[in-house]
file input_23.csv (CSV, C-alpha atoms)
chain,number,residue,atom,x,y,z
A,1,MET,CA,62.1,60.7,94.6
A,2,GLY,CA,61.9,62.1,91.0
A,3,ASP,CA,61.1,65.5,92.5
A,4,SER,CA,64.1,65.6,94.8
A,5,THR,CA,66.4,64.6,91.9
A,6,ALA,CA,64.9,67.4,89.7
A,7,THR,CA,65.4,69.8,92.6
A,8,ALA,CA,69.0,68.8,93.1
A,9,ASP,CA,69.6,69.1,89.3
A,10,LEU,CA,68.1,72.6,89.3
A,11,ASP,CA,70.2,73.6,92.3
A,12,VAL,CA,73.3,72.4,90.4
A,13,ALA,CA,72.2,74.2,87.2
A,14,LEU,CA,71.6,77.5,89.0
A,15,GLU,CA,74.8,77.3,91.1
A,16,LYS,CA,76.9,76.9,88.0
A,17,HIS,CA,76.1,80.5,87.2
A,18,ARG,CA,76.9,82.0,90.6
A,19,THR,CA,80.4,83.4,89.9
A,20,GLU,CA,79.5,85.1,86.6
A,21,LEU,CA,76.3,86.5,88.1
A,22,THR,CA,78.2,87.8,91.1
A,23,GLY,CA,80.6,89.6,88.6
A,24,TYR,CA,77.7,91.1,86.8
A,25,CYS,CA,75.9,92.3,90.0
A,26,TYR,CA,79.2,93.6,91.4
A,27,ARG,CA,79.8,95.7,88.3
A,28,MET,CA,76.2,97.0,88.5
A,29,LEU,CA,76.3,97.8,92.2
A,30,GLY,CA,79.9,98.5,93.1
A,31,SER,CA,79.5,96.6,96.4
A,32,SER,CA,80.8,93.2,97.2
A,33,PHE,CA,78.2,92.4,99.8
A,34,GLU,CA,75.2,93.9,97.9
A,35,ALA,CA,76.4,91.9,94.8
A,36,GLU,CA,76.3,88.6,96.8
A,37,ASP,CA,72.9,89.5,98.2
A,38,ALA,CA,71.6,90.3,94.7
A,39,VAL,CA,72.8,86.9,93.4
A,40,GLN,CA,71.2,85.1,96.3
A,41,ASP,CA,67.9,86.9,95.6
A,42,THR,CA,68.2,86.1,91.9
A,43,LEU,CA,68.8,82.4,92.5
A,44,VAL,CA,65.9,82.2,95.0
A,45,ARG,CA,63.5,84.0,92.6
A,46,ALA,CA,64.7,81.7,89.8
A,47,TRP,CA,64.1,78.6,92.0
A,48,ARG,CA,60.6,79.8,93.0
A,49,SER,CA,59.4,80.7,89.5
A,50,TYR,CA,61.2,77.9,87.6
A,51,GLU,CA,58.0,76.2,86.5
A,52,LYS,CA,57.1,79.5,84.7
A,53,PHE,CA,60.4,79.4,82.9
A,54,GLU,CA,59.3,78.1,79.5
A,55,GLY,CA,62.7,77.6,78.0
A,56,ARG,CA,62.1,80.3,75.4
A,57,SER,CA,65.5,81.7,76.2
A,58,SER,CA,68.5,79.9,77.7
A,59,LEU,CA,68.6,79.4,81.5
A,60,ARG,CA,71.6,81.7,81.6
A,61,SER,CA,69.9,84.7,79.8
A,62,TRP,CA,66.8,84.1,82.0
A,63,LEU,CA,69.0,84.4,85.1
A,64,TYR,CA,70.6,87.6,83.8
A,65,ARG,CA,67.2,89.0,83.2
A,66,ILE,CA,66.2,88.3,86.9
A,67,ALA,CA,69.6,89.6,88.1
A,68,THR,CA,69.2,92.8,86.1
A,69,ASN,CA,65.8,93.5,87.6
A,70,VAL,CA,67.1,92.8,91.1
A,71,CYS,CA,70.0,95.3,90.6
A,72,LEU,CA,67.8,98.0,89.0
A,73,ASP,CA,65.5,97.7,92.0
A,74,MET,CA,68.4,98.1,94.4
A,75,LEU,CA,69.8,101.1,92.4
A,76,THR,CA,66.5,103.1,92.5
A,77,ALA,CA,67.8,104.5,95.8
A,78,GLY,CA,70.2,106.5,93.5
A,79,ASN,CA,73.2,105.5,95.5
A,80,LYS,CA,76.5,105.8,93.4
A,81,ARG,CA,79.5,104.3,95.0
A,82,ALA,CA,82.7,106.2,94.7
A,83,ARG,CA,86.4,106.4,95.5
A,84,PRO,CA,87.7,109.2,97.7
A,85,MET,CA,89.1,111.1,94.6
A,86,ASP,CA,85.6,111.0,93.0
A,87,LEU,CA,84.3,113.1,95.9
A,88,THR,CA,86.9,115.6,97.1
A,89,GLU,CA,90.1,117.2,96.2
A,90,SER,CA,93.4,115.7,97.4
A,91,THR,CA,94.5,117.0,100.8
A,92,PRO,CA,98.0,118.3,101.5
A,93,LEU,CA,99.6,116.2,104.2
A,94,ALA,CA,99.7,119.2,106.6
A,95,GLN,CA,95.9,119.3,106.6
A,96,ALA,CA,95.3,115.5,106.6
A,97,ALA,CA,92.4,114.5,108.9
A,98,LEU,CA,90.8,111.1,109.0
A,99,SER,CA,87.0,111.6,108.6
A,100,PRO,CA,85.1,108.4,107.9
A,101,ARG,CA,82.0,108.4,105.6
A,102,PRO,CA,79.3,105.7,105.8
A,103,ASP,CA,80.0,102.3,104.2
A,104,HIS,CA,77.5,102.8,101.4
A,105,THR,CA,79.5,105.7,100.1
A,106,TRP,CA,82.4,103.6,98.9
A,107,LEU,CA,83.2,101.4,96.0
A,108,GLU,CA,84.2,98.1,97.6
A,109,PRO,CA,87.0,95.6,96.8
A,110,MET,CA,86.2,92.1,95.6
A,111,PRO,CA,88.3,88.9,95.5
A,112,ASP,CA,88.9,87.8,91.8
A,113,ALA,CA,87.8,84.3,92.6
A,114,ARG,CA,84.2,85.4,93.5
A,115,VAL,CA,83.6,87.4,90.3
A,116,LEU,CA,85.9,86.0,87.5
A,117,PRO,CA,84.7,82.6,86.2
A,118,THR,CA,87.3,80.3,84.7
A,119,VAL,CA,87.2,80.8,80.9
A,120,ASP,CA,89.4,79.2,78.3
A,121,ASP,CA,89.8,82.2,76.1
A,122,PRO,CA,92.7,84.5,77.3
A,123,ALA,CA,91.2,87.5,75.5
A,124,GLU,CA,87.8,87.0,77.3
A,125,ALA,CA,89.6,86.5,80.6
A,126,ALA,CA,91.5,89.8,80.1
A,127,VAL,CA,88.4,91.7,79.4
A,128,ALA,CA,86.7,90.3,82.5
A,129,LYS,CA,89.7,91.3,84.6
A,130,GLU,CA,89.9,94.8,83.2
A,131,SER,CA,86.2,95.3,83.8
A,132,VAL,CA,86.4,94.8,87.6
A,133,ARG,CA,89.5,97.1,88.1
A,134,LEU,CA,88.8,100.0,90.4
A,135,ALA,CA,89.0,102.9,87.9
A,136,PHE,CA,86.6,101.2,85.4
A,137,MET,CA,84.3,100.2,88.3
A,138,ALA,CA,84.2,103.8,89.5
A,139,ALA,CA,83.5,105.0,85.9
A,140,LEU,CA,80.6,102.5,85.6
A,141,GLN,CA,79.1,104.0,88.8
A,142,GLN,CA,78.7,107.4,87.0
A,143,LEU,CA,76.3,105.9,84.4
A,144,PRO,CA,72.5,105.7,84.9
A,145,PRO,CA,71.6,102.2,85.9
A,146,LYS,CA,70.1,101.1,82.5
A,147,GLN,CA,73.1,102.5,80.6
A,148,ARG,CA,75.3,100.6,83.0
A,149,ALA,CA,73.5,97.3,82.3
A,150,VAL,CA,73.7,97.9,78.6
A,151,LEU,CA,77.4,98.7,78.6
A,152,ILE,CA,78.3,95.6,80.8
A,153,LEU,CA,76.2,93.2,78.7
A,154,ARG,CA,77.4,94.5,75.4
A,155,GLU,CA,81.1,95.4,76.0
A,156,VAL,CA,82.1,93.1,78.9
A,157,LEU,CA,79.9,90.1,78.3
A,158,ALA,CA,79.7,90.5,74.5
A,159,TRP,CA,76.0,90.0,74.2
A,160,ARG,CA,74.3,90.9,70.9
A,161,ALA,CA,72.2,94.1,70.8
A,162,SER,CA,69.1,92.0,70.1
A,163,GLU,CA,69.8,89.8,73.2
A,164,VAL,CA,70.2,92.9,75.4
A,165,ALA,CA,67.0,94.4,73.9
A,166,GLU,CA,65.1,91.2,74.8
A,167,LEU,CA,66.5,91.1,78.3
A,168,LEU,CA,65.5,94.8,79.0
A,169,ASP,CA,62.2,94.6,77.1
A,170,THR,CA,63.3,97.4,74.8
A,171,THR,CA,64.3,97.9,71.2
A,172,VAL,CA,67.7,97.4,69.5
A,173,ALA,CA,67.7,101.1,68.6
A,174,SER,CA,67.4,102.1,72.3
A,175,VAL,CA,70.1,99.6,73.3
A,176,ASN,CA,72.5,101.1,70.7
A,177,SER,CA,71.7,104.6,71.8
A,178,ALA,CA,72.2,103.8,75.5
A,179,LEU,CA,75.5,102.2,74.6
A,180,GLN,CA,76.7,105.2,72.7
A,181,ARG,CA,75.8,107.5,75.6
A,182,ALA,CA,77.6,105.2,78.1
A,183,ARG,CA,80.7,105.1,75.9
A,184,ALA,CA,80.7,108.9,75.6
A,185,THR,CA,80.6,109.2,79.4
A,186,LEU,CA,83.4,106.8,79.9
A,187,ALA,CA,85.5,108.4,77.2
A,188,GLN,CA,85.4,111.7,79.3
A,189,ARG,CA,87.0,109.9,82.2
A,190,ALA,CA,90.7,110.0,81.6
A,191,ASP,CA,91.4,107.2,84.2
A,192,ALA,CA,88.7,104.7,83.1
A,193,GLY,CA,91.3,102.6,81.3
A,194,ALA,CA,94.2,103.6,83.4
A,195,GLU,CA,94.9,100.2,84.9
A,196,GLY,CA,95.1,98.5,81.5
A,197,ALA,CA,98.9,98.8,82.1
A,198,VAL,CA,98.7,95.8,84.4
A,199,SER,CA,99.4,92.8,82.2
A,200,ASP,CA,97.7,89.5,82.8
A,201,PRO,CA,99.5,87.5,84.0
A,202,LEU,CA,102.0,90.1,85.5
A,203,ASP,CA,105.1,90.4,83.4
A,204,GLU,CA,108.5,90.0,84.9
A,205,GLU,CA,109.1,93.7,85.4
A,206,GLN,CA,105.8,94.0,87.3
A,207,GLN,CA,106.6,91.0,89.5
A,208,LYS,CA,109.9,92.5,90.4
A,209,LEU,CA,108.2,95.8,91.2
A,210,LEU,CA,105.9,94.0,93.6
A,211,GLN,CA,108.8,92.1,95.2
A,212,ARG,CA,110.6,95.4,95.7
A,213,TYR,CA,107.4,97.0,97.1
A,214,VAL,CA,106.9,94.2,99.7
A,215,LYS,CA,110.5,94.5,100.8
A,216,ALA,CA,110.2,98.4,101.0
A,217,PHE,CA,106.9,98.2,102.9
A,218,GLU,CA,107.7,95.5,105.3
A,219,GLY,CA,111.1,97.2,106.0
A,220,TYR,CA,109.2,100.5,106.2
A,221,ASP,CA,112.0,101.9,104.0
A,222,MET,CA,110.6,105.2,102.7
A,223,THR,CA,113.6,105.9,100.4
A,224,ALA,CA,113.0,102.6,98.6
A,225,LEU,CA,109.2,103.2,98.6
A,226,THR,CA,109.6,106.7,97.1
A,227,ALA,CA,111.6,105.1,94.2
A,228,LEU,CA,108.7,102.8,93.4
A,229,LEU,CA,105.9,105.4,93.5
A,230,HIS,CA,104.9,107.4,90.4
A,231,GLU,CA,105.2,111.2,90.9
A,232,ASP,CA,101.4,111.4,90.6
A,233,ALA,CA,100.7,108.3,92.7
A,234,VAL,CA,97.5,108.4,94.7
A,235,MET,CA,96.8,106.8,98.1
A,236,THR,CA,93.3,106.2,99.4
A,237,MET,CA,92.0,104.7,102.7
A,238,PRO,CA,88.2,104.1,102.7
A,239,PRO,CA,86.2,104.5,104.9
A,240,PHE,CA,88.2,107.8,105.3
A,241,ASP,CA,87.6,110.4,102.6
A,242,LEU,CA,91.2,111.6,102.8
A,243,TRP,CA,93.3,110.9,99.8
A,244,LEU,CA,96.9,111.9,99.1
A,245,ARG,CA,98.9,112.6,95.9
A,246,GLY,CA,102.6,112.2,95.3
A,247,PRO,CA,105.4,110.2,97.0
A,248,ALA,CA,106.3,113.0,99.5
A,249,ASP,CA,102.8,113.2,101.0
A,250,ILE,CA,102.3,109.4,100.9
A,251,THR,CA,105.5,108.6,102.7
A,252,GLY,CA,105.0,111.6,105.0
A,253,PHE,CA,101.7,110.2,106.0
A,254,MET,CA,103.1,106.7,106.6
A,255,THR,CA,105.8,108.0,108.9
A,256,THR,CA,103.4,110.2,110.9
A,257,LEU,CA,99.7,109.2,111.2
A,258,GLY,CA,100.5,105.8,109.8
A,259,ALA,CA,103.7,105.2,111.8
A,260,SER,CA,102.2,102.2,113.6
A,261,CYS,CA,102.4,100.2,110.3
A,262,ALA,CA,106.2,99.9,110.7
A,263,GLY,CA,107.2,96.2,110.9
A,264,SER,CA,104.0,95.0,109.0
A,265,ARG,CA,103.6,91.8,107.1
A,266,LEU,CA,102.0,91.5,103.6
A,267,LEU,CA,100.3,88.5,102.1
A,268,PRO,CA,99.5,88.5,98.3
A,269,VAL,CA,95.8,88.5,97.3
A,270,GLN,CA,94.0,88.6,93.9
A,271,VAL,CA,91.6,91.6,94.1
A,272,ASN,CA,89.7,93.5,91.4
A,273,GLY,CA,91.9,92.1,88.6
A,274,LEU,CA,94.9,93.8,90.2
A,275,PRO,CA,97.8,92.8,92.4
A,276,GLY,CA,97.0,93.3,96.1
A,277,PHE,CA,98.1,92.4,99.6
A,278,ALA,CA,96.5,91.6,102.9
A,279,HIS,CA,98.3,94.0,105.3
A,280,TYR,CA,98.8,92.9,108.9
A,281,LYS,CA,100.4,95.2,111.4
A,282,PRO,CA,102.2,94.3,114.6
A,283,ASP,CA,99.8,93.5,117.5
A,284,GLU,CA,101.3,95.1,120.6
A,285,GLU,CA,98.9,93.4,122.9
A,286,LYS,CA,98.6,89.8,121.6
A,287,GLY,CA,101.9,89.6,119.8
A,288,GLY,CA,102.0,88.5,116.2
A,289,PHE,CA,100.1,90.5,113.6
A,290,SER,CA,96.5,91.8,113.3
A,291,PRO,CA,94.6,92.7,110.1
A,292,TRP,CA,94.9,96.3,109.1
A,293,ALA,CA,93.9,96.6,105.4
A,294,VAL,CA,93.4,95.0,102.0
A,295,GLN,CA,95.7,96.9,99.7
A,296,VAL,CA,95.0,97.2,96.0
A,297,LEU,CA,97.9,98.4,93.8
A,298,GLU,CA,97.7,100.0,90.3
A,299,LEU,CA,100.9,99.9,88.2
A,300,SER,CA,102.0,101.7,85.1
A,301,ASP,CA,105.3,102.1,83.4
A,302,GLY,CA,107.3,100.3,86.1
A,303,ARG,CA,105.9,102.4,88.9
A,304,ILE,CA,103.0,102.2,91.4
A,305,THR,CA,100.3,104.7,90.4
A,306,GLY,CA,97.6,103.8,92.9
A,307,PHE,CA,97.8,102.5,96.5
A,308,HIS,CA,94.4,101.9,97.8
A,309,CYS,CA,93.9,100.6,101.4
A,310,PHE,CA,90.5,99.3,102.4
A,311,LEU,CA,90.6,99.4,106.2
A,312,ASP,CA,87.4,97.7,107.3
A,313,THR,CA,89.1,94.4,108.1
A,314,LYS,CA,86.1,92.8,109.9
A,315,ARG,CA,84.3,92.9,106.6
A,316,TRP,CA,87.2,92.4,104.1
A,317,PHE,CA,89.3,89.7,105.7
A,318,PRO,CA,86.5,87.1,105.9
A,319,LEU,CA,85.4,87.9,102.4
A,320,PHE,CA,89.0,87.1,101.2
A,321,ASP,CA,89.2,84.0,103.4
A,322,LEU,CA,92.1,85.6,105.2
A,323,PRO,CA,93.2,84.7,108.8
A,324,LEU,CA,92.3,87.2,111.5
A,325,HIS,CA,95.7,86.9,113.2
A,326,LEU,CA,99.2,86.0,112.1
A,327,GLU,CA,101.6,84.4,114.6
A,328,ALA,CA,105.1,86.0,114.8
A,329,GLU,CA,107.6,83.9,112.9
A,330,SER,CA,110.2,82.3,115.1
A,331,ASP,CA,113.0,84.5,113.8
A,332,ASP,CA,110.8,87.6,114.8
A,333,VAL,CA,110.9,86.5,118.4
A,334,GLU,CA,113.8,86.5,120.8
A,335,LYS,CA,114.5,83.0,122.2
A,336,GLY,CA,112.2,82.5,125.2
A,337,GLY,CA,110.3,85.7,124.3
call {"tool": "encode", "arguments": {"input": "input_23.csv", "output": "structure tokens"}}
result
Amino acid sequence: MGDSTATADLDVALEKHRTELTGYCYRMLGSSFEAEDAVQDTLVRAWRSYEKFEGRSSLRSWLYRIATNVCLDMLTAGNKRARPMDLTESTPLAQAALSPRPDHTWLEPMPDARVLPTVDDPAEAAVAKESVRLAFMAALQQLPPKQRAVLILREVLAWRASEVAELLDTTVASVNSALQRARATLAQRADAGAEGAVSDPLDEEQQKLLQRYVKAFEGYDMTALTALLHEDAVMTMPPFDLWLRGPADITGFMTTLGASCAGSRLLPVQVNGLPGFAHYKPDEEKGGFSPWAVQVLELSDGRITGFHCFLDTKRWFPLFDLPLHLEAESDDVEKGG
């Protein structure tokens, strides 16, 4: 009886850390599903070797040590996840072609609820949110794995250099040097902090911008949409490597290759510390609406600067606990239709 109580207690103690560990592994790996696998592996390893845990460190730092090793093992394959604009030049609309690349190419979206633990300190919450935004995540992916771990532990999670050195079995001097190199790499990426313009919570102007966006998108009103897009706005559509820049090409795409999205519905989602929407488009066969994309929006100075559509709905919609079909609302349907 005592054993099963101890086991249940250990399960509860380990489970308490799942969200923050998922956030850590997600920042390390750039993949929602790999992050969840890594955390599962971490908790199983911790469970199996718990009797060897001598309590010399806290349970939390011991779990981070295991999670770091799991992630570093997964990263030895050298796979760096990216966004379309990290891989190719933008394509003029006239040459737009939809060529998919394999799933493991892409930086993946993640629901806030799975990676951002509830914290009381607003400043800490803001740092956590900024550190899962797409541009920062893409910048992290450019760092060698050890530097990535050091930067996340020191800058995002605010660990002391001595704690990070202990976790990585290295010296404080080597931690400090890795952090300097990582910061220098990030500083060269102009867009790494670009989404800091999204306030948390959204200010009134940003909320109004999103309301206008929903109205323009659902009404497929390209004039209204153009007014909301920054002149350098970028649109991406993983798994396709195509990306477009500027309102003319973005709205041009939406009225040509993307024309079947007219009449869509958008439901708000919290994704990567940014405003987003689950995009459902009209289902000609079944009626109602079928999943099309998880959209992630970047905002700056009262305009939309990034419009990222993750199209693999069979993977994303269950991850976000979203329905796989929306019924037409009664006012959409003719009486007796």
call {"tool": "atom_distance", "arguments": {"input": "input_23.csv", "atom1": "atom CA of A:Arg160", "atom2": "atom CA of A:Ala125"}}
result
18.6 Å
call {"tool": "residues_around", "arguments": {"input": "input_23.csv", "residues": "stretch 252-269 of chain A", "least_positions_apart": "5", "cutoff": "6 Å", "atoms": "all atoms listed in the file", "output": "VMD selection string"}}
result
chain A and resid 218 220 276 to 282
call {"tool": "write_last_selection", "arguments": {"input": "input_23.csv", "atoms": "C-alpha atoms", "output": "CSV table (one decimal), in the coordinates of the input"}}
result
chain,number,residue,atom,x,y,z
A,218,GLU,CA,107.7,95.5,105.3
A,220,TYR,CA,109.2,100.5,106.2
A,276,GLY,CA,97.0,93.3,96.1
A,277,PHE,CA,98.1,92.4,99.6
A,278,ALA,CA,96.5,91.6,102.9
A,279,HIS,CA,98.3,94.0,105.3
A,280,TYR,CA,98.8,92.9,108.9
A,281,LYS,CA,100.4,95.2,111.4
A,282,PRO,CA,102.2,94.3,114.6
call {"tool": "closest_residue", "arguments": {"input": "input_23.csv", "among": "A:Leu228, A:Leu72, A:Val132, A:Leu311", "to": "A:Arg114", "atoms": "all atoms listed in the file"}}
result
A:Val132
call {"tool": "atom_distance", "arguments": {"input": "input_23.csv", "atom1": "atom CA of A:Asp86", "atom2": "atom CA of A:Leu98"}}
result
16.8 Å
call {"tool": "closest_residue", "arguments": {"input": "input_23.csv", "among": "A:Ala126, A:Leu179, A:Leu14, A:Val70", "to": "A:Gln147", "atoms": "all atoms listed in the file"}}
result
A:Leu179
call {"tool": "atom_distance", "arguments": {"input": "input_23.csv", "atom1": "atom CA of A:Ala139", "atom2": "atom CA of A:Met28"}}
result
11.1 Å
call {"tool": "closest_residue", "arguments": {"input": "input_23.csv", "among": "A:Ser57, A:Gln295, A:Ser300, A:Gln40", "to": "A:Asn272", "atoms": "all atoms listed in the file"}}
result
A:Gln295
call {"tool": "decode", "arguments": {"input": "input_23.csv", "residues": "stretch 29-39 of chain A", "atoms": "all heavy atoms", "output": "tab-separated table (two decimals), in the first residue's frame"}}
result
chain	number	residue	atom	x	y	z
A	29	LEU	N	13.77	22.07	-29.62
A	29	LEU	CA	13.58	21.20	-30.79
A	29	LEU	C	12.82	21.87	-31.94
A	29	LEU	O	12.91	21.42	-33.08
A	29	LEU	CB	12.84	19.92	-30.37
A	29	LEU	CG	13.55	19.07	-29.29
A	29	LEU	CD1	12.61	18.00	-28.76
A	29	LEU	CD2	14.82	18.44	-29.85
A	30	GLY	N	12.00	22.89	-31.64
A	30	GLY	CA	11.25	23.57	-32.70
A	30	GLY	C	10.08	22.76	-33.24
A	30	GLY	O	9.47	23.13	-34.24
A	31	SER	N	9.78	21.64	-32.56
A	31	SER	CA	8.69	20.78	-33.03
A	31	SER	C	7.75	20.48	-31.87
A	31	SER	O	8.19	20.03	-30.81
A	31	SER	CB	9.25	19.46	-33.57
A	31	SER	OG	8.24	18.46	-33.58
A	32	SER	N	6.45	20.68	-32.09
A	32	SER	CA	5.45	20.42	-31.05
A	32	SER	C	5.45	18.95	-30.65
A	32	SER	O	5.45	18.62	-29.47
A	32	SER	CB	4.05	20.78	-31.56
A	32	SER	OG	4.11	21.68	-32.62
A	33	PHE	N	5.43	18.09	-31.66
A	33	PHE	CA	5.28	16.66	-31.38
A	33	PHE	C	6.57	16.07	-30.81
A	33	PHE	O	6.53	15.26	-29.89
A	33	PHE	CB	4.83	15.92	-32.64
A	33	PHE	CG	3.48	16.36	-33.10
A	33	PHE	CD1	3.34	17.17	-34.21
A	33	PHE	CD2	2.33	16.02	-32.38
A	33	PHE	CE1	2.10	17.62	-34.62
A	33	PHE	CE2	1.08	16.48	-32.77
A	33	PHE	CZ	0.96	17.27	-33.90
A	34	GLU	N	7.72	16.49	-31.33
A	34	GLU	CA	8.98	16.00	-30.78
A	34	GLU	C	9.14	16.48	-29.34
A	34	GLU	O	9.67	15.76	-28.49
A	34	GLU	CB	10.17	16.48	-31.62
A	34	GLU	CG	10.32	15.70	-32.90
A	34	GLU	CD	11.51	16.16	-33.74
A	34	GLU	OE1	12.31	17.00	-33.26
A	34	GLU	OE2	11.65	15.66	-34.87
A	35	ALA	N	8.68	17.70	-29.05
A	35	ALA	CA	8.77	18.22	-27.67
A	35	ALA	C	7.94	17.35	-26.73
A	35	ALA	O	8.40	16.98	-25.64
A	35	ALA	CB	8.29	19.66	-27.62
A	36	GLU	N	6.74	16.98	-27.15
A	36	GLU	CA	5.89	16.16	-26.28
A	36	GLU	C	6.50	14.78	-26.09
A	36	GLU	O	6.47	14.21	-24.99
A	36	GLU	CB	4.47	16.12	-26.83
A	36	GLU	CG	3.87	17.54	-26.83
A	36	GLU	CD	2.37	17.63	-26.82
A	36	GLU	OE1	1.73	16.78	-27.47
A	36	GLU	OE2	1.84	18.56	-26.17
A	37	ASP	N	7.09	14.23	-27.17
A	37	ASP	CA	7.79	12.92	-27.06
A	37	ASP	C	8.97	13.03	-26.09
A	37	ASP	O	9.21	12.14	-25.28
A	37	ASP	CB	8.32	12.46	-28.42
A	37	ASP	CG	7.20	12.05	-29.37
A	37	ASP	OD1	6.04	11.92	-28.89
A	37	ASP	OD2	7.46	11.90	-30.59
A	38	ALA	N	9.73	14.13	-26.20
A	38	ALA	CA	10.92	14.31	-25.36
A	38	ALA	C	10.52	14.39	-23.88
A	38	ALA	O	11.20	13.83	-23.01
A	38	ALA	CB	11.68	15.57	-25.77
A	39	VAL	N	9.41	15.07	-23.60
A	39	VAL	CA	8.98	15.20	-22.20
A	39	VAL	C	8.50	13.85	-21.67
A	39	VAL	O	8.81	13.47	-20.54
A	39	VAL	CB	7.86	16.27	-22.07
A	39	VAL	CG1	7.26	16.27	-20.68
A	39	VAL	CG2	8.44	17.64	-22.40
